[in-house]
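Here's the structure, in structure tokens; my notes come after.
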Amino acid sequence: RPPHPRRRAANAVALVVVVGHTMGKKKTKQKKEAPKAPVDNTPVGQKKDVSGDMPAAYFPSYVESAWYEWWEAKGMFKPEAVKTDEEKDFEQKFVMVIPPPNVTGTLHLGHTLMCAIEDTLTRWHRMCGKKTLWLPGTDHAGIATQSVVEKKLMREQKLKRQDLGREKFLEEVWKWKNQSGSHICRQLRRLGSSCDWTREAFTMDAKLNKAVKEAFCRMYEKGLIYRKARLVNWSCHLQTALSDVEVDKEDINKPTMCKIPGYAEPVEFGVIHKFKYRMKEDPSVAIIVATTRIETMLGD
């Protein structure tokens, strides 16, 4: 049955009183203190002690600590850690070279994905009882590294590459490699990558440099590659040839002022120049050449 009118009115009055009593008061929420991460005191290179109580919350820094140093100290990432049948030695090997990251920067998510996939493959073959080697290393990155080091020299010492000379400049490149490359290797370790760091390589190492020269000589002798005079992408600023991959092409359909490295003022591009080559037998007859690159006239 519906409530009596008097009872309904009394309930409404009580509701108004309760609401009026609570209005203006803010509920104060008690802040819970964030749990503190436990401290791992495992000595470097020793196996982690997990006999204690498991923390109530997940702390990545605590869970991941000490394990990698122990794996590396025990030589678990070396192929020698697994004993195989010598007669079937070749069948029981898994060797993979890490795509060497450029020393010009730091690792990003793309590297993380690549390392996760390759580490999974490496660990799987290792668990299957194979002699496994995942070879780590970094790449010198060619022109990119040269550009970074040159900017660093200009910023810090107000010097150009030519001011130092080849040998001194190479020393600066090696300093940069040791600084940036070591950071990349620390990142790979942080990801848990099971690489054999005793075999770490750099693409400018003397051994690899010799191997590259030997490979090119063999391919040349077999006729697989050849050397001829061809047009190249010459950088007036870097004073070296660039590959097509390292060049950004831009189409210009009208006279345009462009900023060029090494030039204080913009340079005009997109202008058609015409000049005549008069015939020696009959100077009244001429060949007209039109080009947007007037400097090619010297090649004619």
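Going through the structure tokens in order, the chains are called A, B, and so on, while each chain numbers its residues from 1 and the ligands are numbered from 1 in the order shown.
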For this session: Name the residues of range 102-238 of chain A that come out as strand (DSSP E) in a backbone DSSP run; write them as a list in words.
Result: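 Of range 102-238 of chain A, the ones in strand (DSSP E) are Lys131, Thr132, Leu133, Trp134, Leu135, Gly137, Thr138, Ala201, Phe202, Asn233, Trp234 and Ser235 of chain A.
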Pick out the residues sitting within 12 Å of Leu107 in chain A, and hand them over as a ChimeraX atom specification; count only C-alpha atoms, and ignore anything fewer than 6 positions along from it in its own chain.
-> /A:100-101,113-115,138,180-191
File of the preceding selection, all heavy atoms, as a CSV table (one decimal), in the first residue's frame:
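The resulting file, out19.csv, is shown below:
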```csv
chain,number,residue,atom,x,y,z
A,100,PRO,N,73.3,-4.6,-35.5
A,100,PRO,CA,74.0,-3.7,-34.6
A,100,PRO,C,73.3,-2.3,-34.6
A,100,PRO,O,73.2,-1.7,-35.7
A,100,PRO,CB,75.4,-3.6,-35.2
A,100,PRO,CG,75.2,-4.1,-36.7
A,100,PRO,CD,74.1,-5.0,-36.7
A,101,PRO,N,72.9,-1.8,-33.5
A,101,PRO,CA,72.3,-0.5,-33.4
A,101,PRO,C,73.4,0.6,-33.7
A,101,PRO,O,74.6,0.4,-33.4
A,101,PRO,CB,71.8,-0.4,-31.9
A,101,PRO,CG,71.9,-1.8,-31.4
A,101,PRO,CD,72.9,-2.5,-32.2
A,113,LEU,N,61.5,-4.4,-29.4
A,113,LEU,CA,60.7,-5.5,-30.0
A,113,LEU,C,61.6,-6.5,-30.7
A,113,LEU,O,61.5,-7.7,-30.6
A,113,LEU,CB,59.7,-4.9,-31.1
A,113,LEU,CG,58.9,-5.9,-31.9
A,113,LEU,CD1,58.1,-6.8,-31.0
A,113,LEU,CD2,58.1,-5.2,-33.0
A,114,MET,N,62.6,-6.0,-31.4
A,114,MET,CA,63.6,-6.9,-32.1
A,114,MET,C,64.3,-7.7,-31.1
A,114,MET,O,64.5,-8.9,-31.3
A,114,MET,CB,64.6,-6.0,-32.9
A,114,MET,CG,65.7,-6.7,-33.5
A,114,MET,SD,67.2,-6.9,-32.5
A,114,MET,CE,67.7,-5.2,-32.3
A,115,CYS,N,64.8,-7.1,-30.0
A,115,CYS,CA,65.5,-7.9,-29.0
A,115,CYS,C,64.7,-8.9,-28.3
A,115,CYS,O,65.1,-10.0,-28.0
A,115,CYS,CB,66.1,-6.9,-27.9
A,115,CYS,SG,67.5,-6.0,-28.5
A,138,THR,N,77.7,-3.0,-32.0
A,138,THR,CA,77.2,-1.8,-32.5
A,138,THR,C,77.8,-1.4,-33.8
A,138,THR,O,78.8,-1.9,-34.2
A,138,THR,CB,77.5,-0.6,-31.4
A,138,THR,OG1,78.9,-0.7,-31.1
A,138,THR,CG2,76.7,-0.8,-30.2
A,180,SER,N,78.7,6.6,-26.3
A,180,SER,CA,77.3,6.2,-26.8
A,180,SER,C,77.1,4.7,-26.8
A,180,SER,O,76.1,4.2,-26.4
A,180,SER,CB,77.1,6.9,-28.1
A,180,SER,OG,75.8,6.5,-28.6
A,181,GLY,N,78.2,4.0,-27.3
A,181,GLY,CA,78.0,2.6,-27.5
A,181,GLY,C,77.9,1.8,-26.2
A,181,GLY,O,77.1,0.9,-26.1
A,182,SER,N,78.6,2.3,-25.2
A,182,SER,CA,78.5,1.6,-23.9
A,182,SER,C,77.1,1.8,-23.3
A,182,SER,O,76.6,0.9,-22.6
A,182,SER,CB,79.6,2.2,-22.9
A,182,SER,OG,79.4,3.6,-22.8
A,183,HIS,N,76.5,3.0,-23.5
A,183,HIS,CA,75.1,3.2,-23.1
A,183,HIS,C,74.2,2.3,-23.7
A,183,HIS,O,73.3,1.7,-23.1
A,183,HIS,CB,74.7,4.7,-23.3
A,183,HIS,CG,73.3,5.0,-22.9
A,183,HIS,ND1,72.9,5.0,-21.6
A,183,HIS,CD2,72.2,5.3,-23.6
A,183,HIS,CE1,71.7,5.3,-21.5
A,183,HIS,NE2,71.2,5.4,-22.7
A,184,ILE,N,74.3,2.0,-25.0
A,184,ILE,CA,73.5,1.1,-25.8
A,184,ILE,C,73.6,-0.3,-25.2
A,184,ILE,O,72.6,-1.0,-25.0
A,184,ILE,CB,73.8,1.1,-27.3
A,184,ILE,CG1,73.3,2.4,-27.9
A,184,ILE,CG2,73.2,-0.1,-28.0
A,184,ILE,CD1,73.8,2.6,-29.3
A,185,CYS,N,74.8,-0.7,-24.9
A,185,CYS,CA,75.0,-2.1,-24.3
A,185,CYS,C,74.4,-2.2,-23.0
A,185,CYS,O,73.9,-3.3,-22.6
A,185,CYS,CB,76.5,-2.4,-24.3
A,185,CYS,SG,77.3,-2.5,-25.9
A,186,ARG,N,74.5,-1.1,-22.2
A,186,ARG,CA,73.8,-1.2,-20.9
A,186,ARG,C,72.3,-1.3,-21.0
A,186,ARG,O,71.6,-2.0,-20.3
A,186,ARG,CB,74.1,0.1,-20.1
A,186,ARG,CG,75.5,0.1,-19.5
A,186,ARG,CD,75.7,1.2,-18.5
A,186,ARG,NE,75.4,2.6,-19.0
A,186,ARG,CZ,76.3,3.3,-19.5
A,186,ARG,NH1,77.6,2.9,-19.6
A,186,ARG,NH2,76.0,4.5,-20.0
A,187,GLN,N,71.7,-0.7,-22.1
A,187,GLN,CA,70.3,-0.8,-22.3
A,187,GLN,C,70.0,-2.3,-22.7
A,187,GLN,O,68.9,-2.8,-22.3
A,187,GLN,CB,69.9,0.1,-23.5
A,187,GLN,CG,69.8,1.6,-23.1
A,187,GLN,CD,69.3,2.5,-24.2
A,187,GLN,OE1,70.0,2.6,-25.2
A,187,GLN,NE2,68.2,3.0,-24.1
A,188,LEU,N,70.8,-2.9,-23.6
A,188,LEU,CA,70.6,-4.3,-24.0
A,188,LEU,C,70.6,-5.2,-22.7
A,188,LEU,O,69.8,-6.1,-22.6
A,188,LEU,CB,71.6,-4.7,-25.0
A,188,LEU,CG,71.5,-4.1,-26.4
A,188,LEU,CD1,72.7,-4.4,-27.2
A,188,LEU,CD2,70.2,-4.6,-27.1
A,189,ARG,N,71.5,-4.9,-21.8
A,189,ARG,CA,71.6,-5.7,-20.6
A,189,ARG,C,70.4,-5.5,-19.8
A,189,ARG,O,69.8,-6.5,-19.2
A,189,ARG,CB,72.9,-5.3,-19.8
A,189,ARG,CG,74.2,-5.9,-20.3
A,189,ARG,CD,75.3,-5.5,-19.4
A,189,ARG,NE,76.5,-6.3,-19.7
A,189,ARG,CZ,77.5,-5.9,-20.5
A,189,ARG,NH1,77.4,-4.8,-21.2
A,189,ARG,NH2,78.6,-6.6,-20.7
A,190,ARG,N,69.9,-4.3,-19.7
A,190,ARG,CA,68.7,-4.0,-18.9
A,190,ARG,C,67.5,-4.7,-19.4
A,190,ARG,O,66.6,-5.0,-18.7
A,190,ARG,CB,68.5,-2.5,-19.0
A,190,ARG,CG,67.4,-2.0,-18.0
A,190,ARG,CD,68.0,-1.9,-16.6
A,190,ARG,NE,67.0,-1.3,-15.7
A,190,ARG,CZ,66.0,-2.0,-15.1
A,190,ARG,NH1,65.8,-3.3,-15.4
A,190,ARG,NH2,65.2,-1.4,-14.3
A,191,LEU,N,67.5,-5.0,-20.8
A,191,LEU,CA,66.3,-5.7,-21.4
A,191,LEU,C,66.4,-7.2,-21.1
A,191,LEU,O,65.5,-8.0,-21.3
A,191,LEU,CB,66.3,-5.5,-22.9
A,191,LEU,CG,65.9,-4.1,-23.4
A,191,LEU,CD1,66.2,-4.0,-24.9
A,191,LEU,CD2,64.5,-3.8,-23.0
```
If we count only C-alpha atoms, what is near Ala116 in chain A at a cut-off of 9 Å, once residues fewer than 5 positions away on the same chain are taken out, given as a PDB file with N, CA, C and O atoms, in the first residue's frame?
```pdb
ATOM      1  N   HIS A 111      63.875  -1.298 -31.276  1.00  0.00           N
ATOM      2  CA  HIS A 111      64.957  -2.165 -30.820  1.00  0.00           C
ATOM      3  C   HIS A 111      64.452  -3.136 -29.753  1.00  0.00           C
ATOM      4  O   HIS A 111      64.848  -4.308 -29.709  1.00  0.00           O
ATOM      5  N   LEU A 121      64.110 -16.531 -29.400  1.00  0.00           N
ATOM      6  CA  LEU A 121      64.683 -17.584 -30.248  1.00  0.00           C
ATOM      7  C   LEU A 121      65.963 -18.152 -29.639  1.00  0.00           C
ATOM      8  O   LEU A 121      66.167 -19.371 -29.609  1.00  0.00           O
ATOM      9  N   LEU A 191      67.462  -4.979 -20.758  1.00  0.00           N
ATOM     10  CA  LEU A 191      66.349  -5.721 -21.359  1.00  0.00           C
ATOM     11  C   LEU A 191      66.448  -7.217 -21.063  1.00  0.00           C
ATOM     12  O   LEU A 191      65.515  -7.953 -21.346  1.00  0.00           O
ATOM     13  N   GLY A 192      67.585  -7.653 -20.517  1.00  0.00           N
ATOM     14  CA  GLY A 192      67.762  -9.078 -20.238  1.00  0.00           C
ATOM     15  C   GLY A 192      68.250  -9.872 -21.430  1.00  0.00           C
ATOM     16  O   GLY A 192      68.110 -11.102 -21.458  1.00  0.00           O
ATOM     17  N   SER A 193      68.810  -9.198 -22.431  1.00  0.00           N
ATOM     18  CA  SER A 193      69.253  -9.879 -23.647  1.00  0.00           C
ATOM     19  C   SER A 193      70.377 -10.860 -23.329  1.00  0.00           C
ATOM     20  O   SER A 193      71.405 -10.475 -22.767  1.00  0.00           O
TER      21      SER A 193
END
```
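Between CA of Val95 in chain A and CA of Leu133 in chain A the interatomic distance comes to 4.7 Å.
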Atom-to-atom span, CA of Asn102 in chain A and CA of Gly137 in chain A, Å: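 Distance between the two atoms: 9.6 Å.
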Requested in this report: Pick out the closest residue to Thr240 in chain A from this set: A:Ser65, A:Gln146, A:Met297, A:Ile117. Count only C-alpha atoms.
Outcome: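 Ranked by minimum distance to Thr240 in chain A, first place goes to A:Gln146.
Straight-line separation from CA of Ala37 in chain A to CA of Tyr62 in chain A: 7.0 Å.
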Worksheet entry | DSSP helix (DSSP H, G or I) residues within range 166-221 of chain A, listed as a VMD selection string | chain A and resid 166 to 190 197 to 199 206 to 221
Using only C-alpha atoms, which residue out of A:Thr198, A:Gln239, A:Ser61, A:Asn209 lies closest to Phe77 in chain A?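 Looking only at the distances to Phe77 in chain A, the closest residue turns out to be A:Thr198.
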What are the closest atom pairs, with distances in Å to one decimal, for each residue of range 122-177 of chain A lying within 10 Å of range 241-246 of chain A, using only C-alpha atoms, rows by chain and rising residue number, as a tab-separated table?
```
residue	atom	partner	partner_atom	distance
A:Gly142	CA	A:Leu242	CA	9.9
A:Ile143	CA	A:Leu242	CA	7.9
A:Ala144	CA	A:Glu246	CA	8.8
```
Would you output that residue set with all heavy atoms, as an mmCIF file, in the first residue's frame?
```cif
data_model
loop_
_atom_site.group_PDB
_atom_site.id
_atom_site.type_symbol
_atom_site.label_atom_id
_atom_site.label_comp_id
_atom_site.auth_asym_id
_atom_site.auth_seq_id
_atom_site.Cartn_x
_atom_site.Cartn_y
_atom_site.Cartn_z
ATOM 1 N N GLY A 142 78.603 5.410 -40.066
ATOM 2 C CA GLY A 142 79.176 6.192 -41.156
ATOM 3 C C GLY A 142 78.986 7.693 -41.049
ATOM 4 O O GLY A 142 79.433 8.343 -40.100
ATOM 5 N N ILE A 143 78.300 8.262 -42.052
ATOM 6 C CA ILE A 143 78.139 9.707 -42.154
ATOM 7 C C ILE A 143 77.397 10.277 -40.941
ATOM 8 O O ILE A 143 77.703 11.377 -40.477
ATOM 9 C CB ILE A 143 77.378 10.069 -43.445
ATOM 10 C CG1 ILE A 143 78.190 9.626 -44.673
ATOM 11 C CG2 ILE A 143 77.131 11.565 -43.509
ATOM 12 C CD1 ILE A 143 79.534 10.291 -44.805
ATOM 13 N N ALA A 144 76.443 9.522 -40.413
ATOM 14 C CA ALA A 144 75.671 10.023 -39.269
ATOM 15 C C ALA A 144 76.578 10.269 -38.065
ATOM 16 O O ALA A 144 76.491 11.312 -37.399
ATOM 17 C CB ALA A 144 74.573 9.020 -38.906
#
```
Kindly provide the residues of range 181-299 of chain A that approach range 70-74 of chain A to within 9 Å, each paired with its closest atom pair and their distance in Å to one decimal, based on only C-alpha atoms, listed by chain and increasing number, as CSV.
```
residue,atom,partner,partner_atom,distance
A:Ser194,CA,A:Glu72,CA,8.5
A:Asp196,CA,A:Glu72,CA,8.2
A:Trp197,CA,A:Glu72,CA,8.3
```
Could you please take those selected residues and save N, CA, C and O atoms as a PDB file, in the first residue's frame?
```
ATOM      1  N   SER A 194      70.203 -12.122 -23.722  1.00  0.00           N
ATOM      2  CA  SER A 194      71.167 -13.162 -23.369  1.00  0.00           C
ATOM      3  C   SER A 194      72.296 -13.246 -24.395  1.00  0.00           C
ATOM      4  O   SER A 194      72.518 -14.272 -25.039  1.00  0.00           O
ATOM      5  N   ASP A 196      76.366 -12.991 -25.611  1.00  0.00           N
ATOM      6  CA  ASP A 196      77.693 -13.331 -25.096  1.00  0.00           C
ATOM      7  C   ASP A 196      78.574 -12.092 -25.199  1.00  0.00           C
ATOM      8  O   ASP A 196      79.158 -11.803 -26.248  1.00  0.00           O
ATOM      9  N   TRP A 197      78.683 -11.347 -24.099  1.00  0.00           N
ATOM     10  CA  TRP A 197      79.381 -10.065 -24.122  1.00  0.00           C
ATOM     11  C   TRP A 197      80.888 -10.213 -24.232  1.00  0.00           C
ATOM     12  O   TRP A 197      81.597  -9.226 -24.486  1.00  0.00           O
TER      13      TRP A 197
END
```
If you count only C-alpha atoms, the residue of A:Thr296, A:Thr42, A:Thr120, A:Ser284 closest to Leu231 in chain A turns out to be A:Thr296
